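Participant: See final.cif below, with mmCIF, C-alpha atoms.
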```
data_protein
loop_
_atom_site.label_atom_id
_atom_site.label_comp_id
_atom_site.auth_asym_id
_atom_site.auth_seq_id
_atom_site.Cartn_x
_atom_site.Cartn_y
_atom_site.Cartn_z
CA MET A 238 0.00 0.00 0.00
CA LEU A 239 2.85 2.41 0.79
CA ILE A 240 4.68 1.55 -2.44
CA ASN A 241 1.50 1.94 -4.49
CA PRO A 242 -2.08 2.00 -3.13
CA PHE A 243 -3.51 0.59 -6.39
CA LEU A 244 -1.28 -2.47 -6.20
CA GLY A 245 -2.02 -2.70 -2.48
CA ALA A 246 -5.76 -2.80 -3.20
CA LEU A 247 -5.29 -5.40 -5.96
CA LEU A 248 -3.15 -7.60 -3.72
CA SER A 249 -5.71 -7.22 -0.91
CA LEU A 250 -8.48 -8.31 -3.29
CA PHE A 251 -6.46 -11.40 -4.19
CA LYS A 252 -5.94 -12.17 -0.50
CA VAL A 253 -9.60 -11.83 0.50
CA LEU A 254 -10.63 -14.05 -2.40
CA SER A 255 -8.32 -16.64 -0.86
CA CYS A 256 -10.23 -16.05 2.42
CA ARG A 257 -7.08 -15.13 4.34
CA ASN A 258 -7.44 -12.57 7.15
CA GLU A 259 -10.11 -10.85 5.10
CA TYR A 260 -10.96 -8.18 7.67
CA LEU A 261 -7.48 -6.62 7.50
CA TYR A 262 -7.52 -6.61 3.70
CA PHE A 263 -10.99 -5.07 3.59
CA PHE A 264 -9.40 -2.15 5.41
CA PHE A 265 -6.55 -1.90 2.88
CA MET A 266 -9.02 -1.80 -0.03
CA ALA A 267 -11.01 0.91 1.75
CA LEU A 268 -7.77 2.83 2.35
CA PHE A 269 -7.14 2.88 -1.40
CA LEU A 270 -10.54 4.56 -1.83
CA THR A 271 -9.83 7.15 0.85
CA VAL A 272 -6.65 8.33 -0.85
CA VAL A 273 -8.40 8.51 -4.23
CA ASN A 274 -11.05 10.66 -2.55
CA ILE A 275 -8.60 13.20 -1.17
CA THR A 276 -7.61 14.08 -4.75
CA ILE A 277 -11.17 15.01 -5.79
CA ALA A 278 -11.90 18.52 -7.06
CA GLY A 279 -13.84 19.52 -3.97
CA GLU A 280 -15.49 22.55 -5.56
CA GLU A 281 -17.52 20.10 -7.70
CA THR A 282 -19.01 18.43 -4.61
CA ASP A 283 -20.61 19.31 -1.29
CA TYR A 284 -17.06 19.43 0.06
CA SER A 285 -17.21 23.06 -1.12
CA TRP A 286 -19.26 23.89 1.99
CA TYR A 287 -18.57 20.89 4.25
CA MET A 288 -14.86 21.72 4.41
CA PRO A 289 -15.31 25.40 5.36
CA LEU A 290 -17.92 24.30 7.92
CA TYR A 291 -15.36 21.86 9.35
CA SER A 292 -12.64 24.55 9.48
CA ASP A 293 -15.02 27.01 11.19
CA ALA A 294 -15.06 24.72 14.22
CA LEU A 295 -11.62 26.09 15.15
CA LYS A 296 -12.79 29.69 14.93
CA VAL A 297 -15.94 29.79 17.09
CA SER A 298 -17.10 28.52 20.46
CA PHE A 299 -18.87 25.20 20.78
CA SER A 300 -22.14 26.86 21.79
CA ASP A 301 -22.14 28.98 18.63
CA TYR A 302 -20.90 26.23 16.35
CA ILE A 303 -23.62 23.72 17.21
CA PHE A 304 -26.24 26.09 15.71
CA SER A 305 -24.24 26.69 12.52
CA LEU A 306 -26.01 23.96 10.52
CA GLY A 307 -29.81 23.98 10.22
CA ASN A 308 -30.26 25.71 13.56
CA ALA A 309 -29.14 22.52 15.37
CA LYS A 310 -31.87 20.36 13.79
CA GLU A 311 -29.23 17.64 13.21
CA PRO A 312 -26.78 18.44 16.02
CA LEU A 313 -24.78 15.21 16.16
CA TYR A 314 -23.05 16.00 12.88
CA THR A 315 -21.89 19.41 14.07
CA ILE A 316 -20.78 17.96 17.41
CA ALA A 317 -18.74 15.31 15.57
CA ASN A 318 -17.34 18.01 13.28
CA TYR A 319 -16.27 20.11 16.25
CA ILE A 320 -14.49 17.17 17.89
CA LEU A 321 -12.80 16.05 14.66
CA ALA A 322 -11.62 19.56 13.79
CA HIS A 323 -9.85 19.83 17.14
CA LEU A 324 -8.61 16.25 17.04
CA PHE A 325 -7.12 16.68 13.55
CA LEU A 326 -6.06 20.31 14.17
CA GLY A 327 -8.22 21.38 11.24
CA ASN A 328 -6.44 19.14 8.73
CA ARG A 329 -8.88 18.68 5.83
CA ILE A 330 -7.20 15.62 4.34
CA ALA A 331 -7.49 13.79 7.68
CA PHE A 332 -11.18 14.76 7.81
CA SER A 333 -11.77 13.40 4.29
CA ILE A 334 -10.00 10.12 5.10
CA PHE A 335 -12.01 9.73 8.29
CA SER A 336 -15.32 10.45 6.54
CA THR A 337 -14.78 7.85 3.81
CA LEU A 338 -13.48 5.23 6.23
CA PHE A 339 -16.33 5.83 8.69
CA PHE A 340 -18.97 5.01 6.08
CA TYR A 341 -17.15 1.94 4.80
CA TYR A 342 -16.27 0.69 8.28
CA CYS A 343 -19.88 0.84 9.50
CA SER A 344 -21.26 -0.71 6.30
CA ILE A 345 -18.74 -3.56 6.37
CA ARG A 346 -19.60 -4.24 10.00
CA GLY A 347 -23.25 -4.52 8.94
CA LEU A 348 -22.34 -7.05 6.23
CA LEU A 349 -20.21 -8.99 8.72
CA CYS A 350 -23.14 -9.13 11.13
CA LEU A 351 -25.57 -10.32 8.44
CA GLN A 352 -23.10 -12.96 7.26
CA ARG A 353 -22.61 -14.20 10.82
CA VAL A 354 -26.31 -14.28 11.69
CA LEU A 355 -27.30 -16.06 8.47
CA ASN A 356 -24.24 -18.34 8.63
CA ILE A 357 -23.21 -17.51 5.06
CA GLU A 358 -19.93 -18.73 3.55
CA LYS A 359 -17.06 -16.25 3.57
CA ILE A 360 -16.70 -16.13 -0.21
CA TYR A 361 -20.13 -14.50 -0.44
CA LEU A 362 -19.17 -12.02 2.24
CA VAL A 363 -16.12 -11.11 0.18
CA ILE A 364 -18.03 -10.39 -3.03
CA SER A 365 -20.63 -8.37 -1.11
CA VAL A 366 -17.89 -6.22 0.50
CA VAL A 367 -16.18 -5.80 -2.87
CA SER A 368 -19.55 -4.72 -4.33
CA LEU A 369 -19.84 -2.16 -1.52
CA LEU A 370 -16.32 -0.82 -1.96
CA PHE A 371 -16.13 -0.68 -5.75
CA PHE A 372 -19.67 0.04 -6.86
CA PRO A 373 -19.00 3.46 -8.48
CA TYR A 374 -22.33 5.03 -7.59
CA ILE A 375 -21.79 4.29 -3.90
CA PHE A 376 -18.24 5.62 -3.94
CA ALA A 377 -19.16 8.73 -5.95
CA ASN A 378 -20.92 10.35 -3.02
CA THR A 379 -18.54 9.45 -0.19
CA ALA A 380 -16.90 12.84 -0.78
CA ASN A 381 -20.18 14.59 -1.45
CA LEU A 382 -23.16 13.67 0.73
CA LEU A 383 -21.21 13.40 3.97
CA ARG A 384 -24.07 13.66 6.47
CA GLN A 385 -26.28 11.19 4.62
CA TYR A 386 -23.38 8.75 4.24
CA TYR A 387 -22.48 9.02 7.92
CA ALA A 388 -26.09 8.22 8.80
CA THR A 389 -26.39 5.50 6.14
CA GLY A 390 -23.32 3.68 7.43
CA MET A 391 -24.68 3.78 10.98
CA ILE A 392 -28.08 2.48 9.84
CA LEU A 393 -26.60 -0.31 7.71
CA TRP A 394 -24.61 -1.52 10.71
CA ALA A 395 -27.52 -1.19 13.12
CA ILE A 396 -30.28 -2.92 11.12
CA PRO A 397 -28.80 -6.45 11.00
CA GLU A 398 -27.71 -6.12 14.64
CA ILE A 399 -31.21 -5.08 15.74
CA LEU A 400 -32.96 -7.73 13.65
CA SER A 401 -30.65 -10.36 15.14
CA GLY A 402 -31.72 -9.30 18.66
CA ASN A 403 -28.95 -6.86 19.65
CA ARG A 404 -31.19 -4.09 20.99
CA LYS A 405 -28.37 -1.80 22.14
CA PHE A 406 -27.93 -0.81 18.48
CA TRP A 407 -31.15 1.19 18.70
CA ILE A 408 -28.85 3.86 20.14
CA LEU A 409 -26.92 3.91 16.87
CA THR A 410 -30.11 4.32 14.82
CA LEU A 411 -31.26 7.22 17.00
CA ALA A 412 -27.83 8.82 16.63
CA ALA A 413 -28.15 8.52 12.84
CA VAL A 414 -31.36 10.58 12.89
CA PHE A 415 -29.47 13.46 14.50
CA VAL A 416 -26.84 13.23 11.77
CA HIS A 417 -29.28 13.15 8.84
CA THR A 418 -33.04 13.28 9.32
CA SER A 419 -33.88 11.07 6.34
CA SER A 420 -32.56 8.03 8.21
CA GLY A 421 -35.51 8.37 10.57
CA LEU A 422 -37.71 6.85 7.87
CA ILE A 423 -35.83 3.56 8.15
CA ILE A 424 -36.35 3.52 11.91
CA LEU A 425 -40.10 3.99 11.41
CA LEU A 426 -40.12 1.11 8.94
CA LEU A 427 -38.58 -1.22 11.53
CA PHE A 428 -41.74 -0.77 13.58
CA LEU A 429 -44.21 -1.59 10.78
CA PRO A 430 -45.40 -5.18 11.45
CA PHE A 431 -46.38 -6.00 7.86
CA LEU A 432 -42.80 -5.46 6.67
CA LYS A 433 -41.63 -8.55 8.53
CA LYS A 434 -43.90 -10.79 6.44
CA SER A 435 -43.48 -12.01 2.88
CA PHE A 436 -45.99 -11.01 0.24
CA THR A 437 -49.53 -12.34 0.46
CA PHE A 438 -52.83 -11.04 -0.89
CA ILE A 439 -53.67 -9.55 2.52
CA ASN A 440 -50.24 -7.97 2.83
CA SER A 441 -50.52 -6.34 -0.57
CA VAL A 442 -53.42 -4.26 0.77
CA TYR A 443 -51.01 -2.60 3.23
CA TYR A 444 -48.64 -1.66 0.41
CA ILE A 445 -51.47 -0.23 -1.68
CA LEU A 446 -52.58 1.82 1.31
CA ALA A 447 -48.97 2.94 1.91
CA TYR A 448 -48.67 4.06 -1.71
CA LEU A 449 -51.86 6.11 -1.45
CA ILE A 450 -50.64 7.79 1.73
CA LEU A 451 -47.22 8.51 0.26
CA SER A 452 -48.81 9.95 -2.88
CA ASN A 453 -50.62 12.49 -0.73
CA LEU A 454 -47.81 13.08 1.77
CA SER A 455 -47.48 16.79 1.04
CA ARG A 456 -51.17 17.37 1.77
CA ILE A 457 -51.04 15.26 4.93
CA SER A 458 -47.91 17.09 6.07
CA GLU A 459 -49.54 20.48 5.58
CA LEU A 460 -52.35 19.45 7.92
CA LEU A 461 -50.00 18.00 10.55
CA LEU A 462 -47.57 20.92 10.46
CA GLU A 463 -50.29 23.24 11.75
CA TYR A 464 -50.26 21.34 15.04
CA LEU A 465 -46.60 20.28 15.40
CA ASN A 466 -45.04 23.75 15.42
CA ASN A 467 -41.22 23.78 15.46
CA SER A 468 -40.58 20.19 16.51
CA ALA A 469 -38.15 17.60 15.15
CA LEU A 470 -41.08 15.71 13.62
CA SER A 471 -42.26 18.83 11.79
CA TYR A 472 -38.75 19.28 10.37
CA ALA A 473 -38.76 15.66 9.16
CA LEU A 474 -42.18 16.12 7.54
CA MET A 475 -41.01 19.22 5.71
CA LYS A 476 -37.89 17.44 4.45
CA ALA A 477 -39.97 14.45 3.34
CA SER A 478 -42.72 16.36 1.56
CA THR A 479 -41.32 19.66 0.26
CA GLU A 480 -39.68 19.97 -3.13
CA THR A 481 -36.10 21.27 -3.11
CA THR A 482 -33.87 22.51 -5.92
CA PHE A 483 -30.62 20.56 -5.54
CA GLU A 484 -31.70 17.96 -8.10
CA THR A 485 -33.58 19.21 -11.15
CA GLU A 486 -34.56 15.76 -12.46
CA TYR A 487 -34.89 12.20 -11.28
CA THR A 488 -33.94 10.46 -14.52
CA THR A 489 -35.55 7.47 -16.21
CA ALA A 490 -32.22 5.61 -15.94
CA LYS A 491 -32.33 5.99 -12.15
CA ILE A 492 -35.91 4.72 -12.07
CA ILE A 493 -34.95 1.63 -14.09
CA PHE A 494 -31.90 1.01 -11.93
CA ALA A 495 -33.93 1.36 -8.72
CA THR A 496 -36.51 -1.06 -10.14
CA VAL A 497 -33.85 -3.68 -10.84
CA ILE A 498 -32.16 -3.28 -7.43
CA VAL A 499 -35.46 -3.66 -5.56
CA LEU A 500 -37.52 -6.12 -7.59
CA ILE A 501 -34.89 -8.82 -8.18
CA PRO A 502 -34.36 -9.55 -4.44
CA LEU A 503 -38.09 -9.11 -3.84
CA VAL A 504 -38.93 -11.79 -6.41
CA VAL A 505 -36.12 -14.09 -5.27
CA VAL A 506 -37.26 -13.98 -1.64
CA ASN A 507 -40.96 -14.38 -2.31
CA GLN A 508 -40.57 -17.33 -4.67
CA SER A 509 -38.38 -19.21 -2.18
CA SER A 510 -40.06 -21.23 0.56
CA VAL A 511 -36.82 -21.00 2.57
CA LEU A 512 -36.16 -17.27 2.29
CA ARG A 513 -39.81 -16.36 2.87
CA LYS A 514 -39.48 -17.74 6.41
CA ASN A 515 -36.38 -15.71 7.24
CA GLU A 516 -37.65 -12.53 8.91
CA ILE A 517 -34.30 -10.72 8.66
CA ILE A 518 -34.06 -11.13 4.89
CA VAL A 519 -37.76 -10.41 4.40
CA ARG A 520 -37.44 -7.14 6.33
CA PHE A 521 -34.40 -6.13 4.29
CA VAL A 522 -36.18 -6.54 0.95
CA ASN A 523 -39.46 -5.06 2.19
CA ILE A 524 -37.75 -1.92 3.51
CA GLN A 525 -36.22 -1.46 0.08
CA PHE A 526 -39.60 -2.03 -1.58
CA PHE A 527 -41.17 0.59 0.70
CA PHE A 528 -38.46 3.06 -0.33
CA TYR A 529 -39.23 2.19 -3.96
CA LEU A 530 -42.92 2.91 -3.40
CA TYR A 531 -41.95 6.20 -1.74
CA ILE A 532 -39.96 7.16 -4.84
CA MET A 533 -42.68 6.11 -7.30
CA ALA A 534 -45.28 8.06 -5.32
CA ASN A 535 -43.19 11.25 -5.31
CA LEU A 536 -41.48 11.42 -8.70
CA ASN A 537 -42.19 15.14 -8.85
CA GLN A 538 -39.74 15.64 -5.96
CA ALA A 539 -36.37 15.05 -7.62
CA GLU A 540 -34.28 15.76 -4.50
CA LEU A 541 -36.29 13.39 -2.33
CA CYS A 542 -36.13 10.63 -4.94
CA ALA A 543 -32.37 11.06 -5.38
CA ARG A 544 -31.79 10.85 -1.61
CA LEU A 545 -33.85 7.68 -1.24
CA ASN A 546 -32.22 6.21 -4.34
CA ILE A 547 -28.85 6.49 -2.61
CA TYR A 548 -30.15 4.29 0.22
CA LEU A 549 -31.18 1.69 -2.36
CA TRP A 550 -27.68 1.70 -3.86
CA CYS A 551 -26.18 1.12 -0.43
CA PHE A 552 -28.54 -1.82 0.19
CA LEU A 553 -27.26 -3.51 -2.98
CA PRO A 554 -24.25 -5.31 -1.36
CA PHE A 555 -26.60 -6.80 1.27
CA ASN A 556 -28.77 -8.18 -1.55
CA VAL A 557 -25.66 -9.63 -3.21
CA LEU A 558 -24.74 -11.36 0.06
CA PHE A 559 -27.89 -13.40 0.57
CA ILE A 560 -28.81 -13.93 -3.11
CA ALA A 561 -25.35 -15.28 -4.01
CA SER A 562 -25.49 -17.52 -0.95
CA TYR A 563 -29.00 -18.77 -1.72
CA TYR A 564 -28.10 -19.75 -5.27
CA LYS A 565 -24.73 -21.10 -4.09
CA ILE A 566 -22.84 -19.30 -6.84
CA LYS A 567 -19.66 -21.20 -7.64
CA LYS A 568 -16.45 -19.78 -6.21
CA ARG A 569 -14.83 -19.21 -9.60
CA PHE A 570 -17.78 -17.04 -10.63
CA CYS A 571 -17.56 -15.16 -7.34
CA ARG A 572 -13.92 -14.42 -8.03
CA LEU A 573 -14.74 -13.22 -11.54
CA TRP A 574 -17.48 -11.02 -10.09
CA ALA A 575 -15.05 -9.46 -7.59
CA TYR A 576 -12.33 -8.76 -10.17
CA PHE A 577 -14.92 -7.40 -12.59
CA PHE A 578 -16.19 -4.95 -9.98
CA PHE A 579 -12.66 -3.83 -9.14
CA PHE A 580 -11.66 -3.18 -12.75
CA PHE A 581 -15.04 -1.71 -13.68
CA PHE A 582 -14.49 0.79 -10.87
CA ILE A 583 -11.06 1.68 -12.27
CA VAL A 584 -12.42 2.13 -15.82
CA TYR A 585 -15.32 4.18 -14.51
CA GLN A 586 -13.01 6.47 -12.52
CA LEU A 587 -10.80 6.99 -15.56
CA SER A 588 -13.48 7.64 -18.16
CA PHE A 589 -17.02 8.09 -16.86
CA THR A 590 -17.06 9.65 -13.40
CA GLN A 591 -18.90 12.96 -13.06
CA TYR A 592 -16.17 14.33 -10.76
CA THR A 593 -12.56 15.35 -11.37
CA TYR A 594 -9.81 13.46 -9.52
CA TYR A 595 -6.38 15.04 -9.70
CA CYS A 596 -4.64 11.66 -9.35
CA GLN A 597 -6.28 10.58 -12.68
CA ASN A 598 -4.57 7.46 -14.06
CA SER A 599 -1.40 8.06 -12.05
CA PHE A 600 -2.81 5.80 -9.33
CA PHE A 601 -1.53 2.88 -11.42
CA TYR A 602 2.06 3.74 -10.50
CA SER A 603 2.10 6.53 -7.86
CA PRO A 604 3.26 5.97 -4.26
CA ILE A 605 0.90 6.96 -1.50
CA ILE A 606 2.63 10.30 -0.90
CA SER A 607 1.63 11.43 -4.41
CA TYR A 608 -2.06 11.30 -3.50
CA PHE A 609 -1.45 13.72 -0.64
CA ILE A 610 0.53 16.01 -2.92
CA ASP A 611 -2.28 15.94 -5.51
CA SER A 612 -4.91 16.87 -2.94
CA LYS A 613 -6.33 20.39 -3.22
CA LEU A 614 -8.78 20.16 -0.32
CA TYR A 615 -6.84 22.73 1.67
CA MET A 616 -7.59 25.30 -1.07
CA LEU A 617 -11.37 25.20 -0.65
CA LYS A 618 -12.75 28.48 0.70
#
```
Could I get this structure in the form of C-alpha cells?
Facilitator:
Amino acid sequence: MLINPFLGALLSLFKVLSCRNEYLYFFFMALFLTVVNITIAGEETDYSWYMPLYSDALKVSFSDYIFSLGNAKEPLYTIANYILAHLFLGNRIAFSIFSTLFFYYCSIRGLLCLQRVLNIEKIYLVISVVSLLFFPYIFANTANLLRQYYATGMILWAIPEILSGNRKFWILTLAAVFVHTSSGLIILLLFLPFLKKSFTFINSVYYILAYLILSNLSRISELLLEYLNNSALSYALMKASTETTFETEYTTAKIIFATVIVLIPLVVVNQSSVLRKNEIIVRFVNIQFFFYLYIMANLNQAELCARLNIYLWCFLPFNVLFIASYYKIKKRFCRLWAYFFFFFFIVYQLSFTQYTYYCQNSFFYSPIISYFIDSKLYMLK
C-alpha cells in the first residue's frame, strides 16, 4: 500500500478471495478509496461547503458552532465536526479520510453481522464487500453527501444487529437521525409489522394503502404541520414532503436502476419457501420495496427521490450477500465477479465519473505520498 495504493488494493483483493485474514484486507481496499477521494476537485461536490464548515469549528465557540447547521436540527453532525476539527487540528485531508473510512467501516460491520447471523460462507461475504467498496455510484458520493453517508453507514450496521436481537444498536439508529433526518424513515419502517412478512394477498393491501398515503404526503404534512409547530417531527415532515432545488430531475435511468435493485431480491425472496421464512431477509427486501414505493409516489420531488435512491444503492451489497449464498454461486464465478467490480471501478473512474480526480490514471504507478501532494482540499474556501 505504501509503495502503491492501487497495487495494495489489488493484492488485498487477491488475498480476500483466498479467504485469508479478510478483515485486514478489507481495510486496505477501503484505504485505497480514501486516498483517491482526497484528490477530488472539492469545488464540484458538497465538500465546497462541508470543508469550510469543518474549518469554522476552530474559529468559534462550541455553543455557537452547534447552531451553525440547520439551527441545530441535526446536532450530532456538528458535534462530531467540532471534535474532529480539534482532534485533527483542522487538517482537511485527515477529515476526508475519516469520513470515507467511517462510512465503509460501518457498512462492512453490517455485512459482517448479516453474514454471521445467516451463517453464510465467507466467499459470499467477500463479493458483497467488494460490491460495496467498488460500486462506483456508492463511492461517488462518499466525498459529497457526507451527512447522509455518515447516517447511512450507521443504519446499515444497526439494522442487522437489531434484527438479530442486539437491541443496544437502537442507540446507533437514534444517533443517525441526529446526523441526517432522512434516516428516521428507516427507523419507522422497523416498527411496521407487515414489513416482517413475505408477500400475500392480505399484505398487498397494506402496500397499496402505503402508496396512497405517500402519494398524498405533502397534503397530509400540511395538515400535521399546523399542530406540530417547530418540533423535530415537523422538520422531518417538511424534508420528506417539500420539493427542493438541488436535483432538477430524477432520470428514467435511475428509475430503471432502482426497479432492478429492488424487484430482483423481492422476487427471489418471495418465490423461495426457505427465504420467505427468514424474517431478517424479508425485512431487508421489504424496507427497500417501501423506499421504492416512496420514490414512485413522489417522482415530482427530484431531490427526495435522489436521496432515497442512494439508500437503495447502499442496500445492494446486502442483496448480493444473501442472493449469491441462496443460489450457491460457484467460487470461480464469485472471483470473476469481484475482479470485474474492481476493474469496472477503475475504468469508470478513468473515463465516466462525473467528478474530477487530480490523481487521474497516475494511481496505477504513484506511491501513497503522491495522492497527498495531488490533494487540493486545503484550497477550498
Participant: Here is a test: counting only C-alpha atoms, which residue of A:Phe376, A:Phe436, A:Tyr594, A:Phe406 is nearest to A:Ala278?
Facilitator: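 Using only C-alpha atoms, the shortest distance to A:Ala278 belongs to A:Tyr594.
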Participant: Would you kindly translate the PyMOL selection byres ((chain A and resi 387) around 10) into the concrete residues it picks from this file, as a PyMOL selection string?
Facilitator: chain A and resi 314+336-341+343-344+379+382-386+388-392+413+416-417
Participant: Which is closer to A:Trp286 than all the others in A:Ala380, A:Arg569, A:Ala246, A:Leu512, using only C-alpha atoms?
Facilitator: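 Of A:Ala380, A:Arg569, A:Ala246, A:Leu512, the one nearest A:Trp286, counting only C-alpha atoms, is A:Ala380.
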Participant: Could you work out how far atom CA of A:Pro242 lies from atom CA of A:Arg346, giving the answer in Å with one decimal?
Facilitator: 22.8 Å
Participant: For the structure shown, which residues end up in the PyMOL selection byres ((chain A and resi 410) around 12)? Put them as a ChimeraX atom specification, please?
Facilitator: /A:387-399,404-409,411-425,427
Participant: Keeping only C-alpha atoms, write the selected residues as a PDB file, in the coordinates of the input.
Facilitator:
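And here is the file that came out, selection_33.pdb:
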```pdb
ATOM      1  CA  TYR A 387     -22.480   9.020   7.920  1.00  0.00           C
ATOM      2  CA  ALA A 388     -26.090   8.220   8.800  1.00  0.00           C
ATOM      3  CA  THR A 389     -26.390   5.500   6.140  1.00  0.00           C
ATOM      4  CA  GLY A 390     -23.320   3.680   7.430  1.00  0.00           C
ATOM      5  CA  MET A 391     -24.680   3.780  10.980  1.00  0.00           C
ATOM      6  CA  ILE A 392     -28.080   2.480   9.840  1.00  0.00           C
ATOM      7  CA  LEU A 393     -26.600  -0.310   7.710  1.00  0.00           C
ATOM      8  CA  TRP A 394     -24.610  -1.520  10.710  1.00  0.00           C
ATOM      9  CA  ALA A 395     -27.520  -1.190  13.120  1.00  0.00           C
ATOM     10  CA  ILE A 396     -30.280  -2.920  11.120  1.00  0.00           C
ATOM     11  CA  PRO A 397     -28.800  -6.450  11.000  1.00  0.00           C
ATOM     12  CA  GLU A 398     -27.710  -6.120  14.640  1.00  0.00           C
ATOM     13  CA  ILE A 399     -31.210  -5.080  15.740  1.00  0.00           C
ATOM     14  CA  ARG A 404     -31.190  -4.090  20.990  1.00  0.00           C
ATOM     15  CA  LYS A 405     -28.370  -1.800  22.140  1.00  0.00           C
ATOM     16  CA  PHE A 406     -27.930  -0.810  18.480  1.00  0.00           C
ATOM     17  CA  TRP A 407     -31.150   1.190  18.700  1.00  0.00           C
ATOM     18  CA  ILE A 408     -28.850   3.860  20.140  1.00  0.00           C
ATOM     19  CA  LEU A 409     -26.920   3.910  16.870  1.00  0.00           C
ATOM     20  CA  LEU A 411     -31.260   7.220  17.000  1.00  0.00           C
ATOM     21  CA  ALA A 412     -27.830   8.820  16.630  1.00  0.00           C
ATOM     22  CA  ALA A 413     -28.150   8.520  12.840  1.00  0.00           C
ATOM     23  CA  VAL A 414     -31.360  10.580  12.890  1.00  0.00           C
ATOM     24  CA  PHE A 415     -29.470  13.460  14.500  1.00  0.00           C
ATOM     25  CA  VAL A 416     -26.840  13.230  11.770  1.00  0.00           C
ATOM     26  CA  HIS A 417     -29.280  13.150   8.840  1.00  0.00           C
ATOM     27  CA  THR A 418     -33.040  13.280   9.320  1.00  0.00           C
ATOM     28  CA  SER A 419     -33.880  11.070   6.340  1.00  0.00           C
ATOM     29  CA  SER A 420     -32.560   8.030   8.210  1.00  0.00           C
ATOM     30  CA  GLY A 421     -35.510   8.370  10.570  1.00  0.00           C
ATOM     31  CA  LEU A 422     -37.710   6.850   7.870  1.00  0.00           C
ATOM     32  CA  ILE A 423     -35.830   3.560   8.150  1.00  0.00           C
ATOM     33  CA  ILE A 424     -36.350   3.520  11.910  1.00  0.00           C
ATOM     34  CA  LEU A 425     -40.100   3.990  11.410  1.00  0.00           C
ATOM     35  CA  LEU A 427     -38.580  -1.220  11.530  1.00  0.00           C
TER      36      LEU A 427
END
```
Participant: Quick one: everything within 12 Å of A:Val504, counting only C-alpha atoms, minus sequence neighbours fewer than 3 positions away in the same chain. Send it as a PDB file with C-alpha atoms, keeping the file's coordinate frame.
Facilitator:
```
ATOM      1  CA  SER A 435     -43.480 -12.010   2.880  1.00  0.00           C
ATOM      2  CA  PHE A 436     -45.990 -11.010   0.240  1.00  0.00           C
ATOM      3  CA  THR A 496     -36.510  -1.060 -10.140  1.00  0.00           C
ATOM      4  CA  VAL A 497     -33.850  -3.680 -10.840  1.00  0.00           C
ATOM      5  CA  ILE A 498     -32.160  -3.280  -7.430  1.00  0.00           C
ATOM      6  CA  VAL A 499     -35.460  -3.660  -5.560  1.00  0.00           C
ATOM      7  CA  LEU A 500     -37.520  -6.120  -7.590  1.00  0.00           C
ATOM      8  CA  ILE A 501     -34.890  -8.820  -8.180  1.00  0.00           C
ATOM      9  CA  ASN A 507     -40.960 -14.380  -2.310  1.00  0.00           C
ATOM     10  CA  GLN A 508     -40.570 -17.330  -4.670  1.00  0.00           C
ATOM     11  CA  SER A 509     -38.380 -19.210  -2.180  1.00  0.00           C
ATOM     12  CA  SER A 510     -40.060 -21.230   0.560  1.00  0.00           C
ATOM     13  CA  LEU A 512     -36.160 -17.270   2.290  1.00  0.00           C
ATOM     14  CA  ARG A 513     -39.810 -16.360   2.870  1.00  0.00           C
ATOM     15  CA  VAL A 519     -37.760 -10.410   4.400  1.00  0.00           C
ATOM     16  CA  VAL A 522     -36.180  -6.540   0.950  1.00  0.00           C
ATOM     17  CA  ASN A 523     -39.460  -5.060   2.190  1.00  0.00           C
ATOM     18  CA  PHE A 526     -39.600  -2.030  -1.580  1.00  0.00           C
ATOM     19  CA  ASN A 556     -28.770  -8.180  -1.550  1.00  0.00           C
ATOM     20  CA  ILE A 560     -28.810 -13.930  -3.110  1.00  0.00           C
TER      21      ILE A 560
END
```
Participant: Tell me, as a list of chain:residue names, which residues lie within 12 Å of A:Phe299, counting only C-alpha atoms; anything in the same chain fewer than 3 positions away does not count.
Facilitator: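 Returned residues: A:Asp293, A:Ala294, A:Leu295, A:Lys296, A:Tyr302, A:Ile303, A:Phe304, A:Ser305, A:Ala309, A:Pro312, A:Thr315, A:Ile316, A:Ala317, A:Asn318, A:Tyr319, A:Ile320, A:Ala322, A:His323.
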Participant: Grab the atom CA of A:Leu248 to atom CA of A:Ile605 distance for me, in Å with one decimal place.
Facilitator: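 Interatomic distance, atom CA of A:Leu248 to atom CA of A:Ile605: 15.3 Å.
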Participant: Pick the closest to A:Met266 from A:Phe579, A:Phe521, A:Leu541, A:Lys565: which is it, counting all atoms listed in the file?
Facilitator: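 Among the listed residues, the smallest separation from A:Met266 belongs to A:Phe579.
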Participant: What's the 10 Å shell around A:Asn328, counting all atoms listed in the file, without same-chain residues fewer than 4 positions away, as an MDAnalysis selection string?
Facilitator: chainID A and resid 288 291:292 321:324 332:333 614:615
Participant: Applying the PyMOL selection byres ((chain A and resi 491) around 12) to the file I just gave you, which residues come out? Please list them as a PyMOL selection string.
Facilitator: chain A and resi 374+486-490+492-498+529+532-533+536+539+542-547+549-550
Participant: Between atom CA of A:Gln591 and atom CA of A:Asn241, what is the distance in Å, rounded to a tenth?
Facilitator: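 Answer for the atom CA of A:Gln591 to atom CA of A:Asn241 separation: 24.7 Å.
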Participant: Can you tell me which residues surround A:Ala377 at a distance of at most 10 Å, considering all atoms listed in the file, apart from same-chain residues fewer than 5 positions away, and format the answer as a PDB file with C-alpha atoms, keeping the file's coordinate frame?
Facilitator:
```
ATOM      1  CA  ASN A 274     -11.050  10.660  -2.550  1.00  0.00           C
ATOM      2  CA  THR A 282     -19.010  18.430  -4.610  1.00  0.00           C
ATOM      3  CA  PHE A 371     -16.130  -0.680  -5.750  1.00  0.00           C
ATOM      4  CA  PHE A 372     -19.670   0.040  -6.860  1.00  0.00           C
ATOM      5  CA  LEU A 382     -23.160  13.670   0.730  1.00  0.00           C
ATOM      6  CA  GLN A 586     -13.010   6.470 -12.520  1.00  0.00           C
ATOM      7  CA  THR A 590     -17.060   9.650 -13.400  1.00  0.00           C
ATOM      8  CA  GLN A 591     -18.900  12.960 -13.060  1.00  0.00           C
ATOM      9  CA  TYR A 592     -16.170  14.330 -10.760  1.00  0.00           C
TER      10      TYR A 592
END
```
Participant: Distance cut-off 9 Å, centre (-26.6, -11.2, 0.4) in file coordinates, counting all atoms listed in the file: which residues qualify? Return them as a ChimeraX atom specification.
Facilitator: /A:348,351-352,357,361-362,365,518,553-563
Participant: Of the candidates A:Leu247, A:Thr271, A:Val442, A:Thr276, which one gets nearest to A:Asn598 if we count all atoms listed in the file?
Facilitator: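 Using all atoms listed in the file, the shortest distance to A:Asn598 belongs to A:Thr276.
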